[in-house]
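Shown next: final-v2.csv, given as CSV, C-alpha atoms.
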chain,number,residue,atom,x,y,z
A,1,MET,CA,-81.2,-19.9,160.8
A,2,THR,CA,-79.0,-19.0,157.8
A,3,LEU,CA,-80.3,-18.4,154.3
A,4,THR,CA,-78.0,-18.0,151.3
A,5,VAL,CA,-79.0,-16.4,148.0
A,6,VAL,CA,-77.7,-15.3,144.6
A,7,ASP,CA,-79.3,-12.1,143.4
A,8,MET,CA,-79.9,-11.5,139.6
A,9,HIS,CA,-82.0,-9.2,137.6
A,10,THR,CA,-83.6,-9.5,134.1
A,11,GLY,CA,-84.5,-6.3,132.5
A,12,GLY,CA,-84.3,-4.6,135.9
A,13,GLU,CA,-86.7,-7.0,137.6
A,14,PRO,CA,-85.0,-8.7,140.6
A,15,LEU,CA,-84.7,-12.4,141.2
A,16,ARG,CA,-83.4,-13.7,144.5
A,17,ILE,CA,-82.4,-17.4,144.0
A,18,VAL,CA,-82.3,-19.4,147.2
A,19,THR,CA,-79.1,-21.4,147.4
A,20,GLY,CA,-79.3,-22.7,150.9
A,21,GLY,CA,-81.2,-22.7,154.2
A,22,TYR,CA,-84.6,-24.2,153.3
A,23,PRO,CA,-85.6,-27.5,154.8
A,24,ALA,CA,-86.2,-30.5,152.5
A,25,ILE,CA,-89.5,-30.3,150.6
A,26,PRO,CA,-91.6,-33.5,150.5
A,27,LYS,CA,-91.8,-35.4,147.3
A,28,GLY,CA,-94.8,-34.8,145.0
A,29,THR,CA,-95.9,-32.9,142.0
A,30,ILE,CA,-94.7,-29.3,141.6
A,31,LEU,CA,-98.2,-28.0,142.6
A,32,GLU,CA,-98.1,-30.1,145.7
A,33,LYS,CA,-94.6,-28.7,146.5
A,34,ARG,CA,-96.0,-25.2,145.9
A,35,ALA,CA,-98.9,-25.9,148.3
A,36,TYR,CA,-96.5,-27.3,151.0
A,37,VAL,CA,-94.2,-24.3,150.9
A,38,ARG,CA,-97.1,-22.0,151.0
A,39,ASP,CA,-98.7,-23.8,154.0
A,40,HIS,CA,-95.6,-24.7,156.0
A,41,LEU,CA,-92.7,-22.5,155.0
A,42,ASP,CA,-94.2,-19.1,154.2
A,43,HIS,CA,-92.2,-17.5,157.1
A,44,LEU,CA,-89.1,-17.9,154.9
A,45,ARG,CA,-90.7,-16.0,152.1
A,46,TRP,CA,-91.4,-13.2,154.5
A,47,ILE,CA,-87.7,-13.2,155.6
A,48,LEU,CA,-86.3,-13.1,152.0
A,49,MET,CA,-88.9,-11.0,150.1
A,50,PHE,CA,-89.9,-8.4,152.7
A,51,GLU,CA,-88.0,-5.7,154.5
A,52,PRO,CA,-85.4,-5.4,156.0
A,53,ARG,CA,-83.7,-7.7,153.4
A,54,GLY,CA,-86.1,-7.2,150.5
A,55,HIS,CA,-88.8,-4.8,149.5
A,56,TYR,CA,-92.4,-4.6,148.3
A,57,ASP,CA,-91.4,-5.5,144.7
A,58,MET,CA,-88.9,-8.2,145.4
A,59,TYR,CA,-89.1,-11.6,143.6
A,60,GLY,CA,-87.7,-14.9,144.4
A,61,ALA,CA,-87.0,-18.4,143.2
A,62,LEU,CA,-86.7,-21.6,145.2
A,63,LEU,CA,-85.2,-24.6,143.4
A,64,VAL,CA,-86.8,-27.9,144.3
A,65,GLU,CA,-86.5,-31.5,143.1
A,66,PRO,CA,-88.1,-31.9,139.6
A,67,ASP,CA,-91.0,-34.3,139.2
A,68,LEU,CA,-91.5,-34.2,135.4
A,69,PRO,CA,-89.5,-36.6,133.3
A,70,GLY,CA,-86.7,-34.8,131.4
A,71,ALA,CA,-86.7,-31.7,133.7
A,72,ASP,CA,-83.2,-30.5,134.7
A,73,LEU,CA,-84.5,-28.5,137.6
A,74,ALA,CA,-87.7,-27.3,139.1
A,75,VAL,CA,-88.6,-24.0,140.6
A,76,LEU,CA,-91.2,-22.3,142.9
A,77,PHE,CA,-91.7,-18.6,142.4
A,78,MET,CA,-92.4,-16.2,145.3
A,79,HIS,CA,-93.4,-12.6,145.6
A,80,ASN,CA,-95.2,-10.1,147.9
A,81,GLU,CA,-98.5,-12.0,147.9
A,82,GLY,CA,-97.4,-15.7,147.6
A,83,TYR,CA,-96.4,-18.1,145.0
A,84,SER,CA,-97.0,-17.7,141.2
A,85,THR,CA,-97.3,-20.4,138.5
A,86,MET,CA,-94.9,-18.9,135.9
A,87,CYS,CA,-92.3,-16.2,135.7
A,88,GLY,CA,-90.5,-15.5,132.4
A,89,HIS,CA,-87.9,-13.1,133.8
A,90,ALA,CA,-87.0,-15.8,136.4
A,91,ILE,CA,-86.7,-18.4,133.6
A,92,VAL,CA,-84.2,-16.2,131.7
A,93,ALA,CA,-82.1,-15.7,134.9
A,94,LEU,CA,-82.3,-19.4,135.9
A,95,GLY,CA,-81.3,-20.5,132.4
A,96,ARG,CA,-78.0,-18.6,132.7
A,97,TYR,CA,-77.6,-19.6,136.4
A,98,ALA,CA,-78.0,-23.3,135.5
A,99,VAL,CA,-75.3,-23.1,132.9
A,100,ASP,CA,-72.9,-21.1,135.1
A,101,GLU,CA,-73.4,-23.4,138.1
A,102,GLY,CA,-73.0,-26.6,136.1
A,103,LEU,CA,-76.6,-27.8,136.8
A,104,VAL,CA,-76.6,-28.9,133.1
A,105,ALA,CA,-73.9,-29.9,130.7
A,106,LYS,CA,-72.6,-26.8,128.9
A,107,ARG,CA,-72.8,-26.9,125.1
A,108,GLU,CA,-72.0,-24.3,122.5
A,109,PRO,CA,-73.6,-22.4,120.8
A,110,ILE,CA,-76.9,-23.3,122.6
A,111,THR,CA,-77.4,-25.1,125.9
A,112,ILE,CA,-80.9,-26.4,126.6
A,113,VAL,CA,-82.2,-26.2,130.1
A,114,ASN,CA,-85.5,-27.9,130.9
A,115,ILE,CA,-87.2,-26.1,133.8
A,116,GLU,CA,-90.3,-27.4,135.6
A,117,ALA,CA,-92.5,-24.6,136.7
A,118,PRO,CA,-95.9,-24.9,138.5
A,119,CYS,CA,-97.5,-24.2,135.1
A,120,GLY,CA,-95.6,-27.1,133.4
A,121,LEU,CA,-92.3,-27.6,131.5
A,122,VAL,CA,-90.5,-24.6,130.2
A,123,VAL,CA,-87.6,-25.0,127.8
A,124,ALA,CA,-84.9,-22.4,128.0
A,125,SER,CA,-82.2,-22.0,125.3
A,126,VAL,CA,-79.1,-20.4,126.6
A,127,GLU,CA,-76.5,-18.8,124.2
A,128,VAL,CA,-73.0,-20.0,125.2
A,129,ARG,CA,-69.9,-18.5,123.6
A,130,ASP,CA,-66.3,-19.2,124.7
A,131,GLY,CA,-67.7,-21.0,127.7
A,132,LYS,CA,-69.8,-18.0,128.9
A,133,ALA,CA,-73.6,-18.0,129.1
A,134,GLY,CA,-75.4,-15.0,127.5
A,135,ALA,CA,-78.8,-14.3,126.3
A,136,VAL,CA,-81.7,-16.7,127.0
A,137,SER,CA,-84.9,-17.4,125.2
A,138,PHE,CA,-87.6,-19.8,126.3
A,139,GLU,CA,-90.7,-21.6,125.1
A,140,SER,CA,-93.4,-22.0,127.7
A,141,VAL,CA,-96.6,-23.9,128.0
A,142,PRO,CA,-99.5,-23.4,125.5
A,143,ALA,CA,-100.8,-19.8,125.8
A,144,PHE,CA,-104.2,-18.8,124.8
A,145,LEU,CA,-106.8,-16.0,124.7
A,146,PHE,CA,-109.3,-16.9,127.3
A,147,ALA,CA,-111.9,-14.1,126.7
A,148,ARG,CA,-111.9,-11.0,124.5
A,149,ASP,CA,-113.6,-7.7,124.6
A,150,LEU,CA,-114.8,-7.9,128.1
A,151,ARG,CA,-116.3,-4.7,129.6
A,152,VAL,CA,-116.5,-3.4,133.1
A,153,GLU,CA,-117.5,0.0,134.6
A,154,LEU,CA,-114.9,1.2,137.0
A,155,PRO,CA,-115.8,4.0,139.5
A,156,VAL,CA,-113.0,6.4,138.6
A,157,HIS,CA,-112.3,5.5,135.0
A,158,GLY,CA,-115.7,4.6,133.5
A,159,MET,CA,-116.2,1.8,131.0
A,160,VAL,CA,-113.1,-0.2,130.2
A,161,THR,CA,-112.7,-2.9,127.6
A,162,PHE,CA,-110.1,-5.7,128.1
A,163,ASP,CA,-109.1,-9.2,127.2
A,164,ILE,CA,-108.0,-12.1,129.5
A,165,ALA,CA,-105.1,-14.3,128.2
A,166,TYR,CA,-103.0,-17.0,129.7
A,167,GLY,CA,-99.2,-17.2,129.3
A,168,GLY,CA,-98.4,-19.5,132.2
A,169,ALA,CA,-100.5,-17.2,134.4
A,170,PHE,CA,-103.8,-15.3,133.6
A,171,TYR,CA,-103.6,-11.6,132.9
A,172,ALA,CA,-106.2,-8.9,132.1
A,173,LEU,CA,-104.9,-7.0,129.0
A,174,ALA,CA,-106.0,-3.4,128.5
A,175,ASP,CA,-105.0,-0.3,126.5
A,176,CYS,CA,-103.8,2.3,129.0
A,177,ARG,CA,-105.3,5.1,127.0
A,178,GLN,CA,-108.7,4.1,128.3
A,179,PHE,CA,-107.5,5.3,131.7
A,180,GLY,CA,-106.2,8.5,130.3
A,181,LEU,CA,-102.6,7.3,130.7
A,182,GLU,CA,-99.6,7.6,128.5
A,183,PHE,CA,-96.2,5.9,128.9
A,184,GLY,CA,-93.4,8.4,129.5
A,185,ARG,CA,-95.8,11.1,130.8
A,186,ASP,CA,-97.8,9.7,133.7
A,187,ARG,CA,-96.6,8.4,137.1
A,188,VAL,CA,-96.0,4.7,137.7
A,189,ARG,CA,-98.4,5.1,140.7
A,190,ASP,CA,-101.2,6.1,138.3
A,191,PHE,CA,-100.6,2.9,136.2
A,192,VAL,CA,-100.6,0.8,139.4
A,193,ASP,CA,-103.9,2.3,140.6
A,194,ALA,CA,-105.6,1.8,137.2
A,195,ALA,CA,-104.3,-1.8,136.8
A,196,THR,CA,-105.2,-2.7,140.4
A,197,ALA,CA,-108.7,-1.4,140.0
A,198,LEU,CA,-109.2,-3.6,136.9
A,199,THR,CA,-107.6,-6.7,138.5
A,200,GLU,CA,-109.9,-6.5,141.5
A,201,ARG,CA,-113.0,-6.0,139.4
A,202,ALA,CA,-112.1,-8.7,136.9
A,203,LYS,CA,-111.4,-11.2,139.7
A,204,ARG,CA,-114.9,-10.5,141.1
A,205,ASP,CA,-116.8,-10.7,137.9
A,206,PHE,CA,-115.1,-13.1,135.6
A,207,PRO,CA,-114.4,-16.7,136.9
A,208,LEU,CA,-111.5,-18.5,135.2
A,209,SER,CA,-110.8,-22.1,134.3
A,210,HIS,CA,-107.7,-23.9,133.1
A,211,PRO,CA,-107.8,-27.3,131.3
A,212,ASP,CA,-104.9,-28.7,133.2
A,213,HIS,CA,-105.5,-27.9,136.9
A,214,ALA,CA,-107.8,-25.7,139.0
A,215,ASP,CA,-104.7,-24.3,140.9
A,216,LEU,CA,-103.8,-22.5,137.6
A,217,ALA,CA,-107.1,-20.7,137.3
A,218,PHE,CA,-106.6,-17.4,139.0
A,219,LEU,CA,-106.0,-13.9,137.7
A,220,TYR,CA,-102.4,-12.9,138.5
A,221,GLY,CA,-102.7,-9.3,137.5
A,222,THR,CA,-103.3,-6.7,134.8
A,223,ILE,CA,-101.0,-5.6,131.9
A,224,LEU,CA,-101.6,-2.1,130.6
A,225,THR,CA,-100.3,-1.6,127.1
A,226,ASP,CA,-99.8,1.3,124.8
A,227,GLY,CA,-102.4,-0.2,122.4
A,228,SER,CA,-99.9,-1.0,119.7
A,229,ASP,CA,-101.1,-4.6,119.1
A,230,GLU,CA,-100.9,-4.6,115.3
A,231,PHE,CA,-97.7,-6.0,114.1
A,232,SER,CA,-94.9,-3.5,113.7
A,233,SER,CA,-91.1,-3.2,113.7
A,234,GLU,CA,-91.4,-0.7,116.5
A,235,PRO,CA,-91.5,-1.9,120.1
A,236,THR,CA,-94.8,-1.9,122.0
A,237,ARG,CA,-94.7,-0.8,125.6
A,238,ASN,CA,-96.5,-2.4,128.6
A,239,VAL,CA,-96.4,-2.5,132.4
A,240,CYS,CA,-97.5,-5.6,134.4
A,241,VAL,CA,-99.0,-5.0,137.9
A,242,PHE,CA,-99.3,-8.4,139.5
A,243,ALA,CA,-99.8,-10.1,142.9
A,244,ASP,CA,-100.5,-7.4,145.5
A,245,ALA,CA,-99.9,-4.4,143.2
A,246,GLU,CA,-96.3,-5.4,142.6
A,247,VAL,CA,-94.7,-3.7,139.6
A,248,ASP,CA,-92.6,-5.7,137.1
A,249,ARG,CA,-89.6,-3.7,135.9
A,250,SER,CA,-89.1,-6.1,133.0
A,251,PRO,CA,-91.6,-6.5,130.1
A,252,THR,CA,-92.8,-9.7,131.9
A,253,GLY,CA,-92.0,-13.0,130.2
A,254,SER,CA,-95.3,-14.7,131.0
A,255,GLY,CA,-97.1,-11.4,130.2
A,256,VAL,CA,-95.4,-11.1,126.8
A,257,THR,CA,-96.5,-14.7,126.2
A,258,ALA,CA,-100.1,-13.9,127.0
A,259,ARG,CA,-100.0,-10.8,124.8
A,260,LEU,CA,-98.6,-12.8,121.9
A,261,ALA,CA,-101.5,-15.3,122.4
A,262,ALA,CA,-104.0,-12.6,122.3
A,263,MET,CA,-102.4,-10.8,119.3
A,264,HIS,CA,-102.3,-14.1,117.4
A,265,ALA,CA,-105.9,-14.9,118.2
A,266,ARG,CA,-106.9,-11.5,116.8
A,267,GLY,CA,-104.8,-11.9,113.6
A,268,GLN,CA,-102.3,-9.2,114.7
A,269,ILE,CA,-99.2,-11.4,114.5
A,270,ARG,CA,-98.4,-14.5,112.5
A,271,GLU,CA,-96.4,-17.5,113.2
A,272,GLY,CA,-92.6,-16.7,112.9
A,273,GLN,CA,-93.0,-13.0,113.3
A,274,SER,CA,-91.0,-11.3,116.0
A,275,ARG,CA,-91.9,-8.3,118.1
A,276,LEU,CA,-90.1,-6.2,120.7
A,277,PHE,CA,-91.8,-5.5,124.0
A,278,GLU,CA,-90.6,-2.7,126.2
A,279,SER,CA,-91.1,-2.3,130.0
A,280,ILE,CA,-91.9,0.7,132.0
A,281,ALA,CA,-88.2,0.8,132.9
A,282,GLY,CA,-87.1,0.8,129.3
A,283,SER,CA,-85.8,-2.8,129.1
A,284,ARG,CA,-86.9,-5.0,126.2
A,285,PHE,CA,-87.8,-8.7,125.5
A,286,SER,CA,-88.2,-10.2,122.1
A,287,GLY,CA,-91.3,-12.2,121.5
A,288,ALA,CA,-92.5,-14.5,118.6
A,289,VAL,CA,-95.2,-17.0,117.9
A,290,ALA,CA,-93.2,-20.3,117.5
A,291,ARG,CA,-96.0,-22.6,116.5
A,292,PRO,CA,-99.7,-23.3,117.1
A,293,ALA,CA,-100.9,-25.5,119.9
A,294,LYS,CA,-103.9,-26.6,121.9
A,295,ALA,CA,-104.9,-26.1,125.5
A,296,GLY,CA,-107.9,-28.2,126.2
A,297,ARG,CA,-110.7,-26.6,124.0
A,298,HIS,CA,-108.6,-23.5,123.5
A,299,ASP,CA,-106.7,-22.7,120.3
A,300,ALA,CA,-103.3,-21.8,121.6
A,301,ILE,CA,-99.7,-21.0,120.7
A,302,ILE,CA,-96.2,-21.8,121.8
A,303,ALA,CA,-94.5,-18.4,122.2
A,304,ARG,CA,-90.7,-17.8,122.2
A,305,VAL,CA,-89.6,-15.0,124.5
A,306,GLY,CA,-86.0,-13.8,124.9
A,307,GLY,CA,-84.0,-11.5,127.2
A,308,ARG,CA,-80.8,-11.1,129.2
A,309,ALA,CA,-80.1,-11.6,132.9
A,310,TYR,CA,-77.3,-10.2,135.0
A,311,TYR,CA,-75.8,-11.0,138.4
A,312,SER,CA,-76.1,-8.4,141.1
A,313,GLY,CA,-74.7,-10.1,144.2
A,314,LYS,CA,-74.6,-12.9,146.8
A,315,ALA,CA,-75.7,-12.8,150.4
A,316,GLU,CA,-76.1,-14.8,153.6
A,317,TYR,CA,-79.0,-13.8,155.8
A,318,ILE,CA,-79.7,-14.6,159.4
A,319,VAL,CA,-82.5,-13.8,161.9
A,320,GLU,CA,-81.5,-13.3,165.5
A,321,PRO,CA,-84.0,-14.9,168.0
A,322,ASP,CA,-85.3,-11.7,169.5
A,323,ASP,CA,-85.5,-9.7,166.2
A,324,GLU,CA,-89.2,-9.5,165.5
A,325,LEU,CA,-88.9,-7.0,162.7
A,326,GLY,CA,-86.2,-9.2,161.2
A,327,ARG,CA,-88.9,-11.8,160.4
A,328,GLY,CA,-90.2,-9.5,157.7
A,329,PHE,CA,-92.5,-6.6,157.3
A,330,LEU,CA,-93.8,-4.2,154.6
A,331,LEU,CA,-94.6,-0.5,154.9
A,332,ARG,CA,-96.3,-0.1,151.5

Could you write out this file's structure as structure tokens?
Amino acid sequence: MTLTVVDMHTGGEPLRIVTGGYPAIPKGTILEKRAYVRDHLDHLRWILMFEPRGHYDMYGALLVEPDLPGADLAVLFMHNEGYSTMCGHAIVALGRYAVDEGLVAKREPITIVNIEAPCGLVVASVEVRDGKAGAVSFESVPAFLFARDLRVELPVHGMVTFDIAYGGAFYALADCRQFGLEFGRDRVRDFVDAATALTERAKRDFPLSHPDHADLAFLYGTILTDGSDEFSSEPTRNVCVFADAEVDRSPTGSGVTARLAAMHARGQIREGQSRLFESIAGSRFSGAVARPAKAGRHDAIIARVGGRAYYSGKAEYIVEPDDELGRGFLLR
């Protein structure tokens, strides 16, 4: 077995792009491909995401044959728990990768890359200057505020108020100050524990639904914010804790999309206004409400999120037949 990859990062968040070694994926919808890979090829996720080749917070992308008309490529996202439905930092990286690898015809000053994700079609706009790909922005599927001002009593933190919003995946959104936390002062571990406690309780108490497909209706994680939701020229900070307590080093593209949907629904940002979102690692994405939309019965928006991705390496991985640990493990 030989698996080849290209490693990139967007705002510090890793992306391991599989370039070879996977068997053919049967034809079908993107959600059917996601289910097939989950049910039949999950051992390959273990090899690429987990130790000794990866780590607890590794993230990956597997390119598959697109099913949607007009899609240039399709992608399945993978992480420490399984397979997500949308990933903005990966879209930013894949937009640049698609231009650099000639997966789409290069055009200056902007090359459009239509990427089919499990949540739907995502349109990436890649800046190209002197033949080189640069910054990338994307417009994802309709994003909406699912529920606002929900309340739960958490054993350690007491009563917490939060929203649930969808930005290609569902997130709980909460002001970190309710947990006694402050960005730049408290440990990342404390943010992770608080976010995980809220995610687990919200999953238990608040069933979700999505107008397009039941497979999209799950809570992906919690985003703790600095509470700066009113429009400002200053950046607002957040940290996304998703999947099995995985920490996003970037501001989280689908999370920024969800935050913009919630802010717009609350009248805190208007169409055309742009805001900066800063991650726990200090990296930044731009975010704006491009236009209104609908998602079933929900009033929704199309958000535009922008960032920059960089290459960090290439690798070829093998697993020797008698190497049990080489099949993947995690210590945390």

Residues of region 97-208 of chain A that have any atom at most 8 Å from an atom of region 275-298 of chain A: could you tabulate them with the shortest-distance atom pair and the distance in Å to one decimal, using all atoms listed in the file, ordered by chain and increasing number, as a Markdown table?
| residue | atom | partner | partner_atom | distance |
| --- | --- | --- | --- | --- |
| A:Pro142 | CA | A:Ala295 | CA | 6.0 |
| A:Ala143 | CA | A:Ala295 | CA | 7.5 |
| A:Phe144 | CA | A:His298 | CA | 6.6 |
| A:Leu145 | CA | A:His298 | CA | 7.8 |
| A:Phe146 | CA | A:His298 | CA | 7.6 |
| A:Phe183 | CA | A:Ile280 | CA | 7.4 |

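The residue that comes closest to Ser254 (chain A), out of A:Met58, A:Cys240, A:Cys87, A:Val113 and on the basis of all atoms listed in the file, is A:Cys87.
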
### Query
What residues have an atom no more than 7 Å from (-87.2, -24.2, 132.0) in the file's own frame, counting all atoms listed in the file, and can you write them as a ChimeraX atom specification?
/A:91,95,113-116,121-124

Restricted to C-alpha atoms, what would the selected residues look like written as a tab-separated table (two decimals), in the coordinates of the input?
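Saved the output as part.tsv:
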chain	number	residue	atom	x	y	z
A	91	ILE	CA	-86.70	-18.40	133.60
A	95	GLY	CA	-81.30	-20.50	132.40
A	113	VAL	CA	-82.20	-26.20	130.10
A	114	ASN	CA	-85.50	-27.90	130.90
A	115	ILE	CA	-87.20	-26.10	133.80
A	116	GLU	CA	-90.30	-27.40	135.60
A	121	LEU	CA	-92.30	-27.60	131.50
A	122	VAL	CA	-90.50	-24.60	130.20
A	123	VAL	CA	-87.60	-25.00	127.80
A	124	ALA	CA	-84.90	-22.40	128.00

### Query
Which polymer residues have any atom within 6 Å of an atom of Thr225 (chain A), counting all atoms listed in the file, with same-chain residues fewer than 2 positions away left out, as a ChimeraX atom specification?
/A:175-176,227,237-238

### Task
Find the residues around Gly313 (chain A) up to 10 Å (only C-alpha atoms counted), leave out those fewer than 6 positions away in its own chain, and share them as an MDAnalysis selection string.
chainID A and resid 5:9 16

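With all atoms listed in the file as the basis for measurement, A:Ile47 is the residue among A:Ile47, A:Ser228, A:Glu13, A:Ala303 that approaches Glu320 (chain A) most closely.
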
List every protein, DNA or RNA residue that has at least one atom no more than 10 Å from (-83.4, -20.1, 151.2) in the file's coordinates, counting all atoms listed in the file, and write the result as a PDB file with C-alpha atoms, in the frame of the given file.
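Heads up, here's the output in out.pdb:
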ATOM      1  CA  MET A   1     -81.200 -19.900 160.800  1.00  0.00           C
ATOM      2  CA  THR A   2     -79.000 -19.000 157.800  1.00  0.00           C
ATOM      3  CA  LEU A   3     -80.300 -18.400 154.300  1.00  0.00           C
ATOM      4  CA  THR A   4     -78.000 -18.000 151.300  1.00  0.00           C
ATOM      5  CA  VAL A   5     -79.000 -16.400 148.000  1.00  0.00           C
ATOM      6  CA  VAL A   6     -77.700 -15.300 144.600  1.00  0.00           C
ATOM      7  CA  ARG A  16     -83.400 -13.700 144.500  1.00  0.00           C
ATOM      8  CA  ILE A  17     -82.400 -17.400 144.000  1.00  0.00           C
ATOM      9  CA  VAL A  18     -82.300 -19.400 147.200  1.00  0.00           C
ATOM     10  CA  THR A  19     -79.100 -21.400 147.400  1.00  0.00           C
ATOM     11  CA  GLY A  20     -79.300 -22.700 150.900  1.00  0.00           C
ATOM     12  CA  GLY A  21     -81.200 -22.700 154.200  1.00  0.00           C
ATOM     13  CA  TYR A  22     -84.600 -24.200 153.300  1.00  0.00           C
ATOM     14  CA  PRO A  23     -85.600 -27.500 154.800  1.00  0.00           C
ATOM     15  CA  LEU A  44     -89.100 -17.900 154.900  1.00  0.00           C
ATOM     16  CA  ARG A  45     -90.700 -16.000 152.100  1.00  0.00           C
ATOM     17  CA  ILE A  47     -87.700 -13.200 155.600  1.00  0.00           C
ATOM     18  CA  LEU A  48     -86.300 -13.100 152.000  1.00  0.00           C
ATOM     19  CA  GLY A  60     -87.700 -14.900 144.400  1.00  0.00           C
ATOM     20  CA  ALA A  61     -87.000 -18.400 143.200  1.00  0.00           C
ATOM     21  CA  LEU A  62     -86.700 -21.600 145.200  1.00  0.00           C
ATOM     22  CA  LEU A  63     -85.200 -24.600 143.400  1.00  0.00           C
ATOM     23  CA  GLU A 316     -76.100 -14.800 153.600  1.00  0.00           C
ATOM     24  CA  TYR A 317     -79.000 -13.800 155.800  1.00  0.00           C
TER      25      TYR A 317
END

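From CA of Asp149 (chain A) back to CA of Ala243 (chain A), the distance works out to 23.0 Å.
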
### Summary
Between CA of Glu182 (chain A) and CA of Glu200 (chain A) lies a distance of 21.8 Å

### Task
Excluding Gly82 (chain A) and any residue of its chain fewer than 5 positions from it, enumerate the residues within 10 Å of it, using only C-alpha atoms, and give them as a VMD selection string.
chain A and resid 34 37 to 38 42 45 to 46 77 243 to 244

Just want the 9 Å neighbourhood of Phe50 (chain A), counted on all atoms listed in the file, with same-chain residues fewer than 2 positions away dropped. Output as a PDB file with C-alpha atoms, in the frame of the given file.
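The result, written out as out-v8.pdb:
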ATOM      1  CA  ARG A  45     -90.700 -16.000 152.100  1.00  0.00           C
ATOM      2  CA  TRP A  46     -91.400 -13.200 154.500  1.00  0.00           C
ATOM      3  CA  ILE A  47     -87.700 -13.200 155.600  1.00  0.00           C
ATOM      4  CA  LEU A  48     -86.300 -13.100 152.000  1.00  0.00           C
ATOM      5  CA  PRO A  52     -85.400  -5.400 156.000  1.00  0.00           C
ATOM      6  CA  ARG A  53     -83.700  -7.700 153.400  1.00  0.00           C
ATOM      7  CA  GLY A  54     -86.100  -7.200 150.500  1.00  0.00           C
ATOM      8  CA  HIS A  55     -88.800  -4.800 149.500  1.00  0.00           C
ATOM      9  CA  TYR A  56     -92.400  -4.600 148.300  1.00  0.00           C
ATOM     10  CA  ASP A  57     -91.400  -5.500 144.700  1.00  0.00           C
ATOM     11  CA  MET A  58     -88.900  -8.200 145.400  1.00  0.00           C
ATOM     12  CA  HIS A  79     -93.400 -12.600 145.600  1.00  0.00           C
ATOM     13  CA  ASN A  80     -95.200 -10.100 147.900  1.00  0.00           C
ATOM     14  CA  ARG A 327     -88.900 -11.800 160.400  1.00  0.00           C
ATOM     15  CA  GLY A 328     -90.200  -9.500 157.700  1.00  0.00           C
ATOM     16  CA  PHE A 329     -92.500  -6.600 157.300  1.00  0.00           C
ATOM     17  CA  LEU A 330     -93.800  -4.200 154.600  1.00  0.00           C
TER      18      LEU A 330
END

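Proximity to Ala309 (chain A) was assessed for A:Leu331, A:Val92, A:Ala195, A:Val160 counting only C-alpha atoms; the smallest distance is recorded for A:Val92.
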